[in-house]
Structure formats: structure tokens, C-alpha cells
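Source file my_file05.cif; content: mmCIF, C-alpha atoms and all ligand atoms.
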```
data_work
#
loop_
_atom_site.group_PDB
_atom_site.id
_atom_site.type_symbol
_atom_site.label_atom_id
_atom_site.label_comp_id
_atom_site.auth_asym_id
_atom_site.auth_seq_id
_atom_site.Cartn_x
_atom_site.Cartn_y
_atom_site.Cartn_z
ATOM 1 C CA MET A 1 8.716 -18.925 7.069
ATOM 2 C CA ALA A 2 7.858 -22.624 7.228
ATOM 3 C CA PRO A 3 9.169 -24.620 4.248
ATOM 4 C CA PRO A 4 6.786 -24.459 1.286
ATOM 5 C CA THR A 5 4.298 -27.231 0.653
ATOM 6 C CA ILE A 6 4.772 -28.614 -2.846
ATOM 7 C CA GLN A 7 1.787 -30.343 -4.404
ATOM 8 C CA LYS A 8 2.276 -32.070 -7.764
ATOM 9 C CA PHE A 9 -0.621 -33.335 -9.862
ATOM 10 C CA GLU A 10 -0.939 -35.459 -12.981
ATOM 11 C CA SER A 11 -2.896 -32.830 -14.888
ATOM 12 C CA GLU A 12 -3.976 -29.201 -14.897
ATOM 13 C CA GLU A 13 -7.534 -30.464 -14.303
ATOM 14 C CA GLN A 14 -6.401 -32.020 -11.016
ATOM 15 C CA VAL A 15 -4.635 -28.780 -10.070
ATOM 16 C CA ALA A 16 -7.909 -26.912 -10.671
ATOM 17 C CA VAL A 17 -9.818 -29.289 -8.355
ATOM 18 C CA ALA A 18 -7.161 -29.213 -5.619
ATOM 19 C CA LEU A 19 -6.988 -25.421 -5.812
ATOM 20 C CA ALA A 20 -10.781 -25.127 -5.468
ATOM 21 C CA ILE A 21 -10.744 -27.344 -2.352
ATOM 22 C CA TYR A 22 -7.805 -25.406 -0.838
ATOM 23 C CA ILE A 23 -9.555 -22.059 -1.452
ATOM 24 C CA LEU A 24 -12.889 -23.352 -0.134
ATOM 25 C CA HIS A 25 -11.251 -24.339 3.171
ATOM 26 C CA LEU A 26 -9.376 -21.064 3.518
ATOM 27 C CA SER A 27 -12.511 -19.082 2.727
ATOM 28 C CA ALA A 28 -14.421 -20.849 5.528
ATOM 29 C CA LYS A 29 -11.489 -20.489 7.950
ATOM 30 C CA PHE A 30 -10.879 -16.769 7.416
ATOM 31 C CA ILE A 31 -14.584 -15.867 7.322
ATOM 32 C CA ALA A 32 -15.121 -17.739 10.620
ATOM 33 C CA ALA A 33 -12.152 -15.933 12.191
ATOM 34 C CA ASN A 34 -12.580 -12.402 10.786
ATOM 35 C CA GLY A 35 -15.888 -12.154 8.940
ATOM 36 C CA SER A 36 -14.201 -11.597 5.586
ATOM 37 C CA PHE A 37 -11.780 -13.207 3.128
ATOM 38 C CA SER A 38 -9.346 -10.964 1.249
ATOM 39 C CA VAL A 39 -8.137 -12.532 -1.990
ATOM 40 C CA VAL A 40 -5.554 -11.193 -4.421
ATOM 41 C CA LEU A 41 -5.699 -12.382 -8.034
ATOM 42 C CA SER A 42 -2.944 -12.582 -10.657
ATOM 43 C CA GLY A 43 -3.712 -12.487 -14.358
ATOM 44 C CA GLY A 44 -2.568 -15.113 -16.845
ATOM 45 C CA THR A 45 -3.635 -18.757 -16.834
ATOM 46 C CA LEU A 46 -4.477 -18.647 -13.107
ATOM 47 C CA ILE A 47 -7.952 -17.286 -13.845
ATOM 48 C CA ASP A 48 -8.852 -20.312 -15.938
ATOM 49 C CA THR A 49 -7.443 -22.631 -13.253
ATOM 50 C CA LEU A 50 -9.981 -21.083 -10.827
ATOM 51 C CA ARG A 51 -12.860 -22.355 -12.995
ATOM 52 C CA LYS A 52 -13.880 -25.167 -10.605
ATOM 53 C CA LEU A 53 -14.871 -22.583 -7.995
ATOM 54 C CA THR A 54 -17.590 -21.351 -10.335
ATOM 55 C CA GLU A 55 -19.144 -24.827 -10.561
ATOM 56 C CA PRO A 56 -21.062 -27.094 -8.131
ATOM 57 C CA PRO A 57 -20.334 -28.257 -5.488
ATOM 58 C CA TYR A 58 -17.811 -25.484 -4.743
ATOM 59 C CA VAL A 59 -19.810 -22.495 -5.941
ATOM 60 C CA ASN A 60 -22.645 -23.287 -3.525
ATOM 61 C CA SER A 61 -20.368 -23.956 -0.545
ATOM 62 C CA ILE A 62 -18.743 -20.520 -0.315
ATOM 63 C CA ASP A 63 -20.036 -17.358 1.361
ATOM 64 C CA TRP A 64 -19.148 -15.104 -1.580
ATOM 65 C CA SER A 65 -20.668 -12.058 0.105
ATOM 66 C CA LYS A 66 -17.663 -11.965 2.458
ATOM 67 C CA TRP A 67 -14.981 -12.049 -0.254
ATOM 68 C CA LEU A 68 -12.857 -8.984 -1.038
ATOM 69 C CA ILE A 69 -10.994 -9.045 -4.362
ATOM 70 C CA PHE A 70 -7.734 -7.245 -5.199
ATOM 71 C CA PHE A 71 -5.305 -7.415 -8.113
ATOM 72 C CA LEU A 72 -1.677 -8.467 -7.650
ATOM 73 C CA ASP A 73 -0.731 -6.634 -10.803
ATOM 74 C CA GLU A 74 -2.666 -4.829 -13.462
ATOM 75 C CA ARG A 75 -2.091 -3.500 -16.913
ATOM 76 C CA VAL A 76 -2.700 0.267 -17.123
ATOM 77 C CA VAL A 77 -5.449 0.113 -19.735
ATOM 78 C CA PRO A 78 -9.223 0.708 -19.520
ATOM 79 C CA LEU A 79 -11.025 -1.985 -17.531
ATOM 80 C CA ASP A 80 -12.845 -3.209 -20.651
ATOM 81 C CA HIS A 81 -9.622 -3.476 -22.695
ATOM 82 C CA PRO A 82 -8.610 -6.996 -23.832
ATOM 83 C CA ASP A 83 -5.289 -6.594 -21.941
ATOM 84 C CA SER A 84 -6.955 -5.764 -18.606
ATOM 85 C CA ASN A 85 -6.448 -8.309 -15.823
ATOM 86 C CA TYR A 86 -9.713 -7.064 -14.307
ATOM 87 C CA LYS A 87 -11.530 -7.928 -17.548
ATOM 88 C CA LEU A 88 -9.832 -11.337 -17.647
ATOM 89 C CA ALA A 89 -10.840 -12.006 -14.044
ATOM 90 C CA TYR A 90 -14.351 -10.623 -14.546
ATOM 91 C CA ASP A 91 -15.074 -12.630 -17.693
ATOM 92 C CA GLY A 92 -13.522 -15.866 -16.411
ATOM 93 C CA PHE A 93 -14.392 -15.798 -12.709
ATOM 94 C CA LEU A 94 -15.937 -12.744 -11.057
ATOM 95 C CA SER A 95 -19.011 -12.565 -13.325
ATOM 96 C CA LYS A 96 -19.827 -16.182 -12.399
ATOM 97 C CA VAL A 97 -19.898 -15.840 -8.609
ATOM 98 C CA PRO A 98 -21.998 -13.506 -6.400
ATOM 99 C CA ILE A 99 -19.230 -11.315 -4.947
ATOM 100 C CA PRO A 100 -20.730 -7.845 -4.301
ATOM 101 C CA LYS A 101 -19.366 -5.327 -6.819
ATOM 102 C CA SER A 102 -18.400 -3.000 -3.961
ATOM 103 C CA ASN A 103 -16.060 -5.742 -2.639
ATOM 104 C CA ILE A 104 -14.017 -5.765 -5.877
ATOM 105 C CA TYR A 105 -11.098 -3.346 -6.098
ATOM 106 C CA PRO A 106 -9.945 -2.738 -9.690
ATOM 107 C CA ILE A 107 -7.445 0.024 -10.518
ATOM 108 C CA LYS A 108 -8.757 3.508 -11.268
ATOM 109 C CA GLU A 109 -8.913 4.281 -14.979
ATOM 110 C CA LYS A 110 -7.474 7.278 -16.825
ATOM 111 C CA LEU A 111 -4.401 7.640 -14.589
ATOM 112 C CA SER A 112 -0.726 7.324 -15.533
ATOM 113 C CA PRO A 113 1.030 4.145 -14.302
ATOM 114 C CA GLU A 114 2.697 6.175 -11.532
ATOM 115 C CA GLU A 115 -0.602 7.759 -10.475
ATOM 116 C CA ALA A 116 -2.486 4.456 -10.680
ATOM 117 C CA ALA A 117 0.065 2.738 -8.409
ATOM 118 C CA ALA A 118 -0.006 5.587 -5.864
ATOM 119 C CA GLU A 119 -3.825 5.646 -5.904
ATOM 120 C CA TYR A 120 -4.074 1.860 -5.373
ATOM 121 C CA GLU A 121 -1.571 2.026 -2.510
ATOM 122 C CA GLN A 122 -3.560 4.846 -0.885
ATOM 123 C CA ARG A 123 -6.764 2.838 -1.239
ATOM 124 C CA LEU A 124 -5.128 -0.170 0.435
ATOM 125 C CA LYS A 125 -3.866 2.044 3.277
ATOM 126 C CA HIS A 126 -7.352 3.457 3.724
ATOM 127 C CA LEU A 127 -8.784 -0.097 3.903
ATOM 128 C CA VAL A 128 -6.208 -0.959 6.565
ATOM 129 C CA ALA A 129 -7.056 2.230 8.490
ATOM 130 C CA ASN A 130 -10.773 1.368 8.551
ATOM 131 C CA ASN A 131 -10.036 -2.289 9.471
ATOM 132 C CA THR A 132 -11.338 -3.755 6.211
ATOM 133 C CA LEU A 133 -7.849 -5.209 5.726
ATOM 134 C CA LYS A 134 -5.483 -6.512 8.391
ATOM 135 C CA THR A 135 -1.920 -5.334 9.006
ATOM 136 C CA SER A 136 1.141 -7.481 9.465
ATOM 137 C CA PRO A 137 2.446 -6.740 12.975
ATOM 138 C CA THR A 138 5.983 -7.515 11.768
ATOM 139 C CA THR A 139 6.139 -5.518 8.530
ATOM 140 C CA GLY A 140 3.370 -2.923 8.910
ATOM 141 C CA PHE A 141 2.181 -3.747 5.385
ATOM 142 C CA ALA A 142 -1.369 -4.921 4.638
ATOM 143 C CA LYS A 143 -1.827 -8.606 5.379
ATOM 144 C CA PHE A 144 -4.012 -10.287 2.775
ATOM 145 C CA ASP A 145 -5.576 -13.644 3.604
ATOM 146 C CA LEU A 146 -4.747 -15.292 0.272
ATOM 147 C CA MET A 147 -2.691 -14.358 -2.764
ATOM 148 C CA LEU A 148 -3.119 -16.476 -5.883
ATOM 149 C CA VAL A 149 0.125 -16.065 -7.780
ATOM 150 C CA GLY A 150 1.047 -17.212 -11.283
ATOM 151 C CA MET A 151 4.577 -17.411 -12.681
ATOM 152 C CA GLY A 152 5.863 -16.447 -16.133
ATOM 153 C CA PRO A 153 8.158 -18.799 -18.089
ATOM 154 C CA GLU A 154 11.270 -16.815 -17.040
ATOM 155 C CA GLY A 155 10.260 -16.824 -13.370
ATOM 156 C CA HIS A 156 8.482 -13.474 -12.968
ATOM 157 C CA VAL A 157 5.621 -13.060 -10.540
ATOM 158 C CA ALA A 158 3.145 -10.153 -10.443
ATOM 159 C CA SER A 159 4.878 -7.553 -12.684
ATOM 160 C CA LEU A 160 8.203 -8.043 -10.899
ATOM 161 C CA PHE A 161 10.643 -9.077 -13.589
ATOM 162 C CA CYS A 162 14.277 -10.209 -13.697
ATOM 163 C CA TRP A 163 16.614 -7.252 -14.366
ATOM 164 C CA HIS A 164 14.011 -4.652 -13.423
ATOM 165 C CA PHE A 165 14.464 -2.573 -10.276
ATOM 166 C CA GLN A 166 10.843 -2.900 -9.085
ATOM 167 C CA ARG A 167 11.715 -6.260 -7.577
ATOM 168 C CA PHE A 168 13.978 -4.513 -5.041
ATOM 169 C CA GLU A 169 11.373 -2.029 -3.771
ATOM 170 C CA LYS A 170 11.336 -1.984 0.026
ATOM 171 C CA LYS A 171 8.983 0.857 1.052
ATOM 172 C CA LYS A 172 6.192 1.168 -1.468
ATOM 173 C CA TRP A 173 3.242 -1.214 -1.296
ATOM 174 C CA VAL A 174 2.406 -0.812 -4.983
ATOM 175 C CA THR A 175 4.765 0.316 -7.718
ATOM 176 C CA TYR A 176 4.671 0.710 -11.506
ATOM 177 C CA ILE A 177 6.603 -0.280 -14.599
ATOM 178 C CA THR A 178 6.517 1.381 -18.013
ATOM 179 C CA ASP A 179 8.790 -1.045 -19.868
ATOM 180 C CA SER A 180 7.422 -4.451 -18.941
ATOM 181 C CA PRO A 181 9.170 -7.149 -20.977
ATOM 182 C CA LYS A 182 5.800 -8.924 -21.146
ATOM 183 C CA PRO A 183 3.356 -6.727 -23.072
ATOM 184 C CA PRO A 184 1.642 -4.418 -22.447
ATOM 185 C CA PRO A 185 4.469 -2.186 -21.115
ATOM 186 C CA ASN A 186 2.503 -0.072 -18.603
ATOM 187 C CA ARG A 187 1.537 -1.876 -15.416
ATOM 188 C CA ILE A 188 1.183 -1.513 -11.680
ATOM 189 C CA THR A 189 2.247 -4.261 -9.305
ATOM 190 C CA PHE A 190 2.318 -5.222 -5.643
ATOM 191 C CA THR A 191 5.870 -5.151 -4.267
ATOM 192 C CA PHE A 192 7.632 -8.037 -2.525
ATOM 193 C CA PRO A 193 7.232 -6.615 1.008
ATOM 194 C CA LEU A 194 3.465 -6.463 0.463
ATOM 195 C CA ILE A 195 3.335 -9.880 -1.206
ATOM 196 C CA ASN A 196 5.393 -11.475 1.555
ATOM 197 C CA SER A 197 3.199 -10.056 4.317
ATOM 198 C CA ALA A 198 0.365 -12.358 3.182
ATOM 199 C CA SER A 199 -1.093 -15.115 5.359
ATOM 200 C CA GLU A 200 -1.306 -17.646 2.539
ATOM 201 C CA ILE A 201 0.219 -17.691 -0.923
ATOM 202 C CA ALA A 202 -0.672 -20.243 -3.582
ATOM 203 C CA MET A 203 1.869 -20.440 -6.421
ATOM 204 C CA VAL A 204 -0.166 -21.910 -9.243
ATOM 205 C CA VAL A 205 2.049 -23.084 -12.084
ATOM 206 C CA THR A 206 0.968 -25.280 -14.966
ATOM 207 C CA GLY A 207 2.203 -26.135 -18.455
ATOM 208 C CA GLU A 208 5.568 -27.025 -19.929
ATOM 209 C CA ASP A 209 6.539 -23.371 -20.584
ATOM 210 C CA ALA A 210 7.088 -23.075 -16.824
ATOM 211 C CA ALA A 211 9.283 -26.180 -16.497
ATOM 212 C CA ASP A 212 12.684 -24.425 -16.731
ATOM 213 C CA ALA A 213 11.859 -21.821 -14.090
ATOM 214 C CA VAL A 214 10.321 -24.484 -11.818
ATOM 215 C CA LYS A 215 13.580 -26.433 -12.125
ATOM 216 C CA VAL A 216 15.577 -23.373 -11.081
ATOM 217 C CA ALA A 217 13.223 -22.473 -8.223
ATOM 218 C CA LEU A 218 12.642 -25.945 -6.785
ATOM 219 C CA GLY A 219 15.528 -28.023 -8.122
ATOM 220 C CA LYS A 220 18.657 -28.990 -6.206
ATOM 221 C CA HIS A 221 20.578 -25.938 -7.507
ATOM 222 C CA ALA A 222 17.912 -23.475 -6.366
ATOM 223 C CA TYR A 223 20.344 -21.396 -4.302
ATOM 224 C CA ASP A 224 23.395 -21.599 -6.586
ATOM 225 C CA TYR A 225 22.402 -18.687 -8.807
ATOM 226 C CA TYR A 226 21.013 -15.170 -8.690
ATOM 227 C CA PRO A 227 17.377 -15.734 -7.621
ATOM 228 C CA LEU A 228 14.479 -15.482 -10.020
ATOM 229 C CA PRO A 229 11.628 -13.221 -8.862
ATOM 230 C CA VAL A 230 9.566 -16.309 -7.975
ATOM 231 C CA GLN A 231 12.282 -17.317 -5.510
ATOM 232 C CA LYS A 232 11.663 -14.091 -3.572
ATOM 233 C CA VAL A 233 8.132 -15.218 -2.731
ATOM 234 C CA SER A 234 8.512 -16.051 0.943
ATOM 235 C CA PRO A 235 5.430 -15.124 2.965
ATOM 236 C CA GLU A 236 5.183 -14.712 6.740
ATOM 237 C CA GLY A 237 2.435 -17.290 6.532
ATOM 238 C CA SER A 238 2.323 -20.366 4.291
ATOM 239 C CA LEU A 239 3.411 -20.956 0.718
ATOM 240 C CA THR A 240 1.810 -23.795 -1.243
ATOM 241 C CA TRP A 241 2.879 -24.687 -4.785
ATOM 242 C CA PHE A 242 0.269 -26.238 -7.084
ATOM 243 C CA LEU A 243 2.066 -27.827 -10.043
ATOM 244 C CA ASP A 244 1.001 -30.067 -12.890
ATOM 245 C CA LYS A 245 3.102 -32.795 -14.486
ATOM 246 C CA GLU A 246 4.226 -30.597 -17.374
ATOM 247 C CA ALA A 247 5.493 -27.855 -15.082
ATOM 248 C CA THR A 248 7.546 -30.394 -13.113
ATOM 249 C CA SER A 249 8.880 -32.229 -16.177
ATOM 250 C CA GLU A 250 12.438 -30.863 -15.666
ATOM 251 C CA LEU A 251 12.645 -31.623 -11.947
HETATM 252 O O1 LIG B 1 -0.153 -9.430 -15.859
HETATM 253 C C1 LIG B 1 0.102 -10.600 -15.933
HETATM 254 O O2 LIG B 1 0.390 -11.153 -16.975
HETATM 255 C C2 LIG B 1 0.053 -11.461 -14.727
HETATM 256 O O3 LIG B 1 -0.532 -11.046 -13.612
HETATM 257 C C3 LIG B 1 1.358 -12.160 -14.576
HETATM 258 O O4 LIG B 1 2.110 -11.851 -13.484
HETATM 259 C C4 LIG B 1 1.070 -13.620 -14.686
HETATM 260 O O5 LIG B 1 0.570 -14.118 -13.486
HETATM 261 C C5 LIG B 1 2.293 -14.391 -15.088
HETATM 262 O O6 LIG B 1 2.861 -13.772 -16.195
HETATM 263 C C6 LIG B 1 1.957 -15.801 -15.443
HETATM 264 O O7 LIG B 1 1.144 -15.805 -16.554
HETATM 265 P P1 LIG B 1 0.766 -17.149 -17.240
HETATM 266 O O8 LIG B 1 0.074 -17.979 -16.220
HETATM 267 O O9 LIG B 1 -0.168 -16.763 -18.356
HETATM 268 O O10 LIG B 1 2.037 -17.762 -17.724
#
```
Transcribe the structure of this file into C-alpha cells.
Ligand SMILES: O=C(O)[C@H](O)[C@@H](O)[C@H](O)[C@H](O)COP(=O)(O)O
Amino acid sequence: MAPPTIQKFESEEQVAVALAIYILHLSAKFIAANGSFSVVLSGGTLIDTLRKLTEPPYVNSIDWSKWLIFFLDERVVPLDHPDSNYKLAYDGFLSKVPIPKSNIYPIKEKLSPEEAAAEYEQRLKHLVANNTLKTSPTTGFAKFDLMLVGMGPEGHVASLFCWHFQRFEKKKWVTYITDSPKPPPNRITFTFPLINSASEIAMVVTGEDAADAVKVALGKHAYDYYPLPVQKVSPEGSLTWFLDKEATSEL
């Protein structure tokens, strides 16, 4: 992988603008090349940081009909539950842009975490088989155009946490956790091999809660210790960090 691009901004507002411009360009590039743009969303504060995309001039400059939306991790709750990442994304972003409903891929309800993970993985494999999604020629995993990844204060990404075995998964595309240290406990999550097969990953990290983990991941001692989950994000394509001043305050 090429070294990551690290973009630091004075404020979260500036991160939101820069992220909108970055996504706008990628959307145009991938749609011109393939006729579609596959985007994977995290939960958390990322959804609010996408708000500029729902406003002029960005909202009118994107061919939303070509977007495909997936979820990097999801809480195993009904889709209208306050803990649902789908609900968070729908209320804060998806309901404000004209992406066709059939292009949005939430988890299936009323399944156990294990069943929900297996079902999502099967659906992704089906979308690869019918050429809706691309495949990485090197890994054989699905190759998403863009993953928008947030980071927790202790360095987790997706629902891949420190001291939990899911972060070591090598074969599955999607796995599950029933004792997530961040509530709620039942979740499904993309695995690192699937995450790292992506063309583009944006690590979007704002706020002072993230400063310690940013220092570990990007500071001069980054490789002296056992890596945080965020340090395992290393895509075949490009990795771009979007950071505000608070998140970089310990660097
Ligand atoms: O289910 C979730 O909570 C998320 O998908 C999770 O992986 C999130 O991206 C990070 O925890 C960062 O969250 P914050 O941006 O809110 O700190």
C-alpha cells in the first residue's frame, strides 16, 4: 500500500467540507469508470460529518442513482431501533439524498448475530457473482470503491475491538460479536481482509476523545507497541485520514 495521506484541519466543519469534496470526486470517478459507486458507511459521528453532502452545491452535483450503500458494522437490533446504524444513517444522511431504496443494503432483521453476519456475507457474495460489486484480484474478497471509517477512542474500527478475536479473522467476509465492549453487545462487522480489499478508505476522526489513539496510530512510536485495530487498516488502494485539530492535539 502507498503511505497514507494525512489531512489535518482546524475544525470539524472544515473536515466535513473536505470530506464532501473528496467523496464528490470519487463518486464522479468511479461512476465514469464502472457505472456505479459502492460506499460503505460506519456508524458513530461519521454520519454527521457527511452532512455537507446533503446540502448545495454538493447534493446537486452527485449522481445519487448510481450509489450503492453498505454498512461496515451494524448493531443486531430492528432497523428502527435507536441503536441501529441503519437508522442513524437513514435519519442523518440517506433520507436526505435520492439514493434508490433498492441500492441500500441494511442487515436482515430478526436473525441472530451469527445468522445476520452469514446472511450479509452471502448477499455480498451474490452481488459479486452478478457483477454488482467488484472483486479484488489479489484477495478474492469484494472490492468496495469507498469505505468511510470512524474510530473509537480506544482505536477500534468497525466492530473490531482490541482484545477480541474478530480482529484476526482471515476467511470470513463478515463476522459477529456478542460481547462488544461498546454497547449494544450484539453486532455484525466487516473483517479486516474485506476492509483492506477496498479501493479507497477514508479514516474520519474528529474530537479530543480520539486524540490518544491518533497519537498511538500516527505518532513516532506507532510501531513500538501491539497495534490498535485502526493500525490494521491498510487497503490495497489508498488510505486518507481526515482529522480535526482536537483529534491531533496529542501529536
Ligand atoms: O457501531 C458503531 O458504533 C460504529 O460503526 C463504530 O465502529 C464507530 O465508527 C466508532 O465507534 C467511532 O464512533 P464515534 O465516531 O462515535 O466515536
Please produce, as a tab-separated table, a per-residue contact table for chain A versus ligand LIG 1 (chain B) (criterion: any atom at most 7 Å away, all atoms listed in the file considered), showing the nearest atom pair and its distance in Å to one decimal, sorted by chain then residue number.
```
residue	atom	partner	partner_atom	distance
A:Ser42	CA	B:LIG1	O3	4.1
A:Gly43	CA	B:LIG1	O3	3.6
A:Gly44	CA	B:LIG1	O9	3.3
A:Thr45	CA	B:LIG1	O8	3.8
A:Leu46	CA	B:LIG1	O8	5.6
A:Leu72	CA	B:LIG1	O3	6.6
A:Asp73	CA	B:LIG1	O3	5.2
A:Glu74	CA	B:LIG1	O1	5.8
A:Arg75	CA	B:LIG1	O1	6.3
A:Asn85	CA	B:LIG1	O1	6.4
A:Val149	CA	B:LIG1	O5	6.0
A:Gly150	CA	B:LIG1	O5	3.8
A:Met151	CA	B:LIG1	C6	4.1
A:Gly152	CA	B:LIG1	C6	4.0
A:Pro153	CA	B:LIG1	O10	6.2
A:His156	CA	B:LIG1	O6	6.5
A:Val157	CA	B:LIG1	O4	4.7
A:Ala158	CA	B:LIG1	O4	3.6
A:Ser159	CA	B:LIG1	O4	5.2
A:Val205	CA	B:LIG1	O8	6.9
```
Please, could you write that set of residues out with C-alpha atoms as a PDB file, in the frame of the given file?
```pdb
ATOM      1  CA  SER A  42      -2.944 -12.582 -10.657  1.00  0.00           C
ATOM      2  CA  GLY A  43      -3.712 -12.487 -14.358  1.00  0.00           C
ATOM      3  CA  GLY A  44      -2.568 -15.113 -16.845  1.00  0.00           C
ATOM      4  CA  THR A  45      -3.635 -18.757 -16.834  1.00  0.00           C
ATOM      5  CA  LEU A  46      -4.477 -18.647 -13.107  1.00  0.00           C
ATOM      6  CA  LEU A  72      -1.677  -8.467  -7.650  1.00  0.00           C
ATOM      7  CA  ASP A  73      -0.731  -6.634 -10.803  1.00  0.00           C
ATOM      8  CA  GLU A  74      -2.666  -4.829 -13.462  1.00  0.00           C
ATOM      9  CA  ARG A  75      -2.091  -3.500 -16.913  1.00  0.00           C
ATOM     10  CA  ASN A  85      -6.448  -8.309 -15.823  1.00  0.00           C
ATOM     11  CA  VAL A 149       0.125 -16.065  -7.780  1.00  0.00           C
ATOM     12  CA  GLY A 150       1.047 -17.212 -11.283  1.00  0.00           C
ATOM     13  CA  MET A 151       4.577 -17.411 -12.681  1.00  0.00           C
ATOM     14  CA  GLY A 152       5.863 -16.447 -16.133  1.00  0.00           C
ATOM     15  CA  PRO A 153       8.158 -18.799 -18.089  1.00  0.00           C
ATOM     16  CA  HIS A 156       8.482 -13.474 -12.968  1.00  0.00           C
ATOM     17  CA  VAL A 157       5.621 -13.060 -10.540  1.00  0.00           C
ATOM     18  CA  ALA A 158       3.145 -10.153 -10.443  1.00  0.00           C
ATOM     19  CA  SER A 159       4.878  -7.553 -12.684  1.00  0.00           C
ATOM     20  CA  VAL A 205       2.049 -23.084 -12.084  1.00  0.00           C
TER      21      VAL A 205
END
```
Counting all atoms listed in the file, note down every residue that has an atom within 6 Å of the point (-5.6, 1.5, -9.4) (file coordinates), as a ChimeraX atom specification.
-> /A:107-108,116-117,119-120
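With all atoms listed in the file as the atoms that count, the residue of A:Met1, A:Leu50, A:Glu109, A:Leu127 with the shortest distance to A:Leu79 is A:Glu109.
Interatomic distance, atom CA of A:Ile47 against atom CA of A:Leu228: 22.8 Å.
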The PyMOL selection byres (((chain A and resi 51) around 10) and not hetatm) on the file shown: which residues, as a VMD selection string?
-> chain A and resid 13 16 to 17 19 to 20 46 to 50 52 to 55 59 92 to 93 96
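Neighbours of stretch 199-204 of chain A closer than or equal to 8 Å, with all atoms listed in the file counted and sequence neighbours fewer than 6 positions away skipped, come out as A:Leu46, A:Lys143, A:Phe144, A:Asp145, A:Leu146, A:Met147, A:Leu148, A:Val149, A:Gly150, A:Met151, A:Pro235, A:Glu236, A:Gly237, A:Ser238, A:Leu239, A:Thr240, A:Trp241, A:Phe242, A:Leu243.
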Which residue of A:Lys215, A:Lys66, A:His81, A:Lys134 approaches A:Ile99 most closely, using all atoms listed in the file |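 Ranking A:Lys215, A:Lys66, A:His81, A:Lys134 by distance to A:Ile99, first place goes to A:Lys66.
Going from atom CA of A:Phe71 over to atom CA of A:Pro106, you cover 6.8 Å.
If you look at atom CA of A:Asp244 and atom CA of A:Phe9, they are 4.7 Å away from each other.
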Select stretch 131-148 of chain A in the preceding structure and write N, CA and C atoms to a file as a tab-separated table (two decimals), in the first residue's frame.
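Below is the file part-v1.tsv, written as the result:
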```
chain	number	residue	atom	x	y	z
A	131	ASN	N	-21.89	-9.33	-10.60
A	131	ASN	CA	-21.11	-8.15	-11.06
A	131	ASN	C	-21.63	-6.81	-10.58
A	132	THR	N	-22.47	-6.81	-9.54
A	132	THR	CA	-22.86	-5.53	-8.94
A	132	THR	C	-21.68	-4.96	-8.15
A	133	LEU	N	-20.92	-5.85	-7.52
A	133	LEU	CA	-19.71	-5.46	-6.80
A	133	LEU	C	-18.50	-6.05	-7.51
A	134	LYS	N	-17.36	-5.37	-7.37
A	134	LYS	CA	-16.11	-5.88	-7.95
A	134	LYS	C	-15.42	-6.84	-6.97
A	135	THR	N	-14.44	-7.57	-7.49
A	135	THR	CA	-13.63	-8.46	-6.65
A	135	THR	C	-12.19	-7.98	-6.69
A	136	SER	N	-11.52	-8.11	-5.56
A	136	SER	CA	-10.08	-7.85	-5.57
A	136	SER	C	-9.36	-9.01	-6.22
A	137	PRO	N	-8.59	-8.77	-7.30
A	137	PRO	CA	-7.88	-9.89	-7.93
A	137	PRO	C	-6.83	-10.48	-6.99
A	138	THR	N	-6.34	-9.71	-6.03
A	138	THR	CA	-5.31	-10.26	-5.12
A	138	THR	C	-5.90	-11.05	-3.96
A	139	THR	N	-7.00	-10.59	-3.39
A	139	THR	CA	-7.52	-11.28	-2.19
A	139	THR	C	-8.73	-12.15	-2.49
A	140	GLY	N	-9.46	-11.87	-3.57
A	140	GLY	CA	-10.69	-12.61	-3.85
A	140	GLY	C	-11.88	-12.10	-3.04
A	141	PHE	N	-11.66	-11.13	-2.18
A	141	PHE	CA	-12.77	-10.53	-1.42
A	141	PHE	C	-13.42	-9.44	-2.28
A	142	ALA	N	-14.64	-9.04	-1.88
A	142	ALA	CA	-15.30	-7.93	-2.59
A	142	ALA	C	-14.42	-6.69	-2.49
A	143	LYS	N	-14.44	-5.89	-3.55
A	143	LYS	CA	-13.64	-4.67	-3.56
A	143	LYS	C	-14.58	-3.48	-3.63
A	144	PHE	N	-14.82	-2.86	-2.49
A	144	PHE	CA	-15.69	-1.68	-2.46
A	144	PHE	C	-14.91	-0.47	-2.95
A	145	ASP	N	-15.66	0.49	-3.56
A	145	ASP	CA	-15.00	1.69	-4.05
A	145	ASP	C	-14.52	2.57	-2.89
A	146	LEU	N	-15.39	2.77	-1.91
A	146	LEU	CA	-15.05	3.68	-0.80
A	146	LEU	C	-15.60	3.14	0.51
A	147	MET	N	-14.75	3.09	1.52
A	147	MET	CA	-15.21	2.82	2.88
A	147	MET	C	-14.97	4.07	3.71
A	148	LEU	N	-16.02	4.49	4.42
A	148	LEU	CA	-15.93	5.65	5.30
A	148	LEU	C	-15.87	5.11	6.72
```
